[in-house]
>>> print(open('my_file-v1.cif').read())   # mmCIF, C-alpha atoms
data_protein
#
loop_
_atom_site.label_atom_id
_atom_site.label_comp_id
_atom_site.auth_asym_id
_atom_site.auth_seq_id
_atom_site.Cartn_x
_atom_site.Cartn_y
_atom_site.Cartn_z
CA MET A 1 60.25 159.17 63.04
CA GLY A 2 57.40 160.12 65.14
CA ARG A 3 57.72 161.47 68.51
CA PHE A 4 55.86 160.02 71.41
CA SER A 5 54.41 162.62 73.59
CA LYS A 6 53.04 162.31 77.01
CA GLY A 7 49.72 163.91 76.53
CA GLY A 8 48.68 164.56 80.08
CA GLU A 9 48.94 162.78 83.36
CA LYS A 10 47.42 159.33 83.42
CA GLU A 11 45.88 158.26 86.68
CA VAL A 12 46.42 154.87 88.23
CA PRO A 13 43.05 153.12 88.57
CA GLU A 14 41.78 152.77 92.14
CA LEU A 15 42.01 149.34 93.76
CA ASN A 16 38.61 147.69 94.18
CA THR A 17 38.24 146.47 97.76
CA MET A 18 34.63 145.38 97.67
CA SER A 19 35.46 141.66 97.99
CA LEU A 20 38.03 142.17 100.77
CA PRO A 21 35.56 141.56 103.66
CA ASP A 22 34.43 138.32 102.00
CA LEU A 23 38.02 137.11 101.78
CA ILE A 24 38.72 138.05 105.39
CA PHE A 25 35.64 136.20 106.66
CA ALA A 26 36.44 133.15 104.53
CA PHE A 27 39.97 133.10 105.95
CA LEU A 28 38.66 133.55 109.51
CA PHE A 29 36.16 130.71 109.01
CA PHE A 30 38.94 128.46 107.69
CA ILE A 31 41.16 129.19 110.71
CA MET A 32 38.28 128.50 113.11
CA MET A 33 37.54 125.16 111.45
CA VAL A 34 41.09 123.79 111.45
CA THR A 35 42.13 125.05 114.90
CA SER A 36 41.46 122.97 117.97
CA ILE A 37 41.33 124.58 121.35
CA ARG A 38 42.82 122.68 124.24
CA GLU A 39 40.55 123.08 127.20
CA VAL A 40 42.81 121.77 129.95
CA THR A 41 46.56 121.85 130.42
CA MET A 42 47.51 118.43 131.68
CA LYS A 43 49.38 118.44 134.98
CA VAL A 44 49.09 114.71 135.68
CA GLN A 45 50.27 111.80 133.60
CA VAL A 46 47.33 109.85 132.18
CA ARG A 47 48.05 106.67 130.22
CA LEU A 48 44.63 105.22 129.58
CA PRO A 49 44.04 101.49 130.02
CA LYS A 50 42.97 99.33 127.09
CA ALA A 51 39.41 98.02 126.87
CA THR A 52 37.30 95.88 124.56
CA GLU A 53 33.76 97.20 125.04
CA LEU A 54 33.83 100.92 124.25
CA THR A 55 31.08 103.41 123.53
CA THR A 56 31.40 106.98 122.37
CA LEU A 57 29.92 109.89 124.23
CA GLU A 58 27.16 111.57 122.28
CA LYS A 59 27.00 115.02 123.91
CA LYS A 60 30.47 116.14 124.91
CA SER A 61 29.12 119.52 125.94
CA LEU A 62 27.50 117.84 128.96
CA ALA A 63 30.74 116.14 130.03
CA THR A 64 32.85 117.08 133.02
CA TYR A 65 36.35 115.65 133.24
CA ILE A 66 38.33 114.53 136.28
CA TYR A 67 41.94 113.47 135.71
CA MET A 68 43.87 111.19 138.08
CA GLY A 69 47.47 110.14 137.82
CA GLN A 70 51.03 110.84 138.88
CA PRO A 71 51.97 114.55 138.65
CA LEU A 72 54.24 115.47 135.74
CA LEU A 73 57.95 115.87 136.51
CA MET A 74 57.76 119.66 136.80
CA PHE A 75 55.09 119.36 139.53
CA GLN A 76 56.55 116.41 141.47
CA GLU A 77 58.73 118.59 143.68
CA GLN A 78 55.65 120.45 144.91
CA TYR A 79 53.02 117.66 144.87
CA GLY A 80 55.10 114.49 145.21
CA THR A 81 54.89 111.30 143.17
CA GLU A 82 51.66 109.88 144.61
CA PRO A 83 48.61 109.92 142.31
CA ALA A 84 46.88 113.30 142.29
CA ILE A 85 43.52 114.64 141.14
CA GLN A 86 43.29 117.39 138.53
CA LEU A 87 40.10 119.43 138.13
CA ASN A 88 40.34 121.76 135.13
CA ASP A 89 43.84 123.28 135.45
CA LYS A 90 44.29 122.82 139.20
CA PHE A 91 45.36 120.06 141.53
CA ALA A 92 42.64 119.12 143.99
CA THR A 93 41.70 116.82 146.83
CA PRO A 94 38.65 114.55 146.95
CA ASN A 95 36.98 117.16 149.20
CA ASP A 96 37.11 119.73 146.36
CA ILE A 97 35.01 117.56 144.05
CA PHE A 98 31.63 118.51 145.55
CA ASP A 99 32.24 122.23 144.87
CA TYR A 100 33.64 121.46 141.41
CA ILE A 101 30.55 119.49 140.40
CA ALA A 102 28.26 122.20 141.80
CA GLN A 103 30.16 124.81 139.79
CA GLU A 104 29.97 122.74 136.59
CA LYS A 105 26.23 122.18 137.05
CA ALA A 106 25.68 125.89 137.64
CA ALA A 107 27.37 126.65 134.31
CA MET A 108 24.87 124.40 132.48
CA SER A 109 21.29 125.17 131.64
CA GLU A 110 18.78 123.80 134.12
CA ALA A 111 17.37 121.40 131.52
CA ASP A 112 20.82 119.86 130.87
CA GLN A 113 21.87 119.42 134.50
CA PRO A 114 20.29 115.95 134.96
CA TYR A 115 22.19 114.72 131.89
CA MET A 116 25.64 115.83 133.08
CA THR A 117 28.22 113.08 132.67
CA THR A 118 31.42 112.84 134.68
CA ILE A 119 34.29 111.29 132.76
CA LEU A 120 37.13 109.87 134.80
CA LYS A 121 40.44 109.81 132.94
CA ILE A 122 42.60 107.66 135.18
CA ASP A 123 46.17 106.53 134.64
CA LYS A 124 46.35 102.75 134.32
CA ASP A 125 48.80 102.50 137.25
CA THR A 126 46.65 104.50 139.70
CA ARG A 127 45.52 102.62 142.80
CA MET A 128 41.78 102.19 143.37
CA GLY A 129 41.84 103.93 146.77
CA ILE A 130 41.87 107.43 145.28
CA VAL A 131 39.34 106.38 142.64
CA THR A 132 36.98 105.13 145.35
CA ASP A 133 37.33 108.41 147.25
CA VAL A 134 36.47 110.36 144.10
CA LYS A 135 33.46 108.15 143.39
CA GLN A 136 32.19 108.66 146.96
CA ARG A 137 32.43 112.45 146.55
CA LEU A 138 30.66 112.25 143.19
CA ARG A 139 27.86 110.29 144.84
CA GLU A 140 27.55 113.00 147.51
CA ALA A 141 27.41 115.67 144.78
CA ASP A 142 24.64 113.72 143.00
CA ALA A 143 26.82 113.16 139.93
CA LEU A 144 25.79 109.56 139.37
CA LYS A 145 26.46 109.22 135.65
CA ILE A 146 30.12 108.22 135.44
CA PHE A 147 32.15 107.07 132.45
CA TYR A 148 35.68 105.70 132.52
CA SER A 149 37.89 106.76 129.65
CA ALA A 150 39.90 104.04 127.88
CA ILE A 151 41.51 103.25 124.56
CA GLY A 152 40.56 100.34 122.33
CA GLY A 153 42.66 97.29 121.66
CA ALA A 154 42.69 95.10 124.76
CA ASN A 155 42.60 91.98 122.58
CA ASP A 156 45.70 92.98 120.57
#
>>> encode(input="my_file-v1.cif", output="structure tokens")
Amino acid sequence: MGRFSKGGEKEVPELNTMSLPDLIFAFLFFIMMVTSIREVTMKVQVRLPKATELTTLEKKSLATYIYMGQPLLMFQEQYGTEPAIQLNDKFATPNDIFDYIAQEKAAMSEADQPYMTTILKIDKDTRMGIVTDVKQRLREADALKIFYSAIGGAND
């Protein structure tokens, strides 16, 4: 019987990492595509009313949102149960709307400012008094393009 001899040290081949950056960027691209980023943490309850005639907004980048509804349970001790206004992540009064619109317009390019759209997301049980106050402040801030957010299915 023959003897097997270890004729010298054999080296382990080096791991080829040339395609590693491609894999990392492909994985990063995948994560960016499937992840949605929530822009605003809701602090008011908004149950949208149903409507029949709906249109979709074409340029959402030009949209500014104002939320109105009853504060969530965790905020009711501080803000009460009356309908409140939420601008971004803060509670506000109708008097804060002028500054909010000015700030949103300043963040846009000068060419896009005339096309800014204000979207009102209002709880279906909110009284029109607060909505009228908000609309008056929007008129003063020269934000005249207003959309009301709703869900489809009023005929169901």
>>> resolve_selection(input="my_file-v1.cif", expression="the PyMOL selection byres ((chain A and resi 113) around 12)", output="PyMOL selection string")
chain A and resi 61-64+101-112+114-118+142-145
>>> atom_distance(input="my_file-v1.cif", atom1="CA of Lys50 (chain A)", atom2="CA of Pro83 (chain A)")
19.4 Å
>>> residues_around(input="my_file-v1.cif", residues="Arg137 (chain A)", least_positions_apart="4", cutoff="7 Å", atoms="all atoms listed in the file", output="ChimeraX atom specification")
/A:94,97-98,133,141
>>> resolve_selection(input="my_file-v1.cif", expression="the PyMOL selection byres ((chain A and resi 86-92) around 12)", output="PyMOL selection string")
chain A and resi 38-46+64-72+75-76+78-80+83-85+93-101+103-104+118-123+130+134
>>> closest_residue(input="my_file-v1.cif", among="A:Gly152, A:Phe147, A:Glu14, A:Glu77", to="Lys60 (chain A)", atoms="only C-alpha atoms")
A:Phe147
>>> closest_residue(input="my_file-v1.cif", among="A:Leu54, A:Met32, A:Ile146, A:Leu23", to="Val131 (chain A)", atoms="all atoms listed in the file")
A:Ile146
>>> atom_distance(input="my_file-v1.cif", atom1="CA of Arg47 (chain A)", atom2="CA of Val34 (chain A)")
26.3 Å
>>> closest_residue(input="my_file-v1.cif", among="A:Pro49, A:Glu9, A:Leu138, A:Ser36", to="Asp125 (chain A)", atoms="only C-alpha atoms")
A:Pro49
>>> atom_distance(input="my_file-v1.cif", atom1="CA of Thr17 (chain A)", atom2="CA of Met33 (chain A)")
25.3 Å
>>> axis_aligned_box(input="my_file-v1.cif", around="region 96-106 of chain A", padding_each_side="5 Å", output="lines of an AutoDock Vina configuration file")
center_x = 31.4
center_y = 121.7
center_z = 141.5
size_x = 21.4
size_y = 18.3
size_z = 19.8
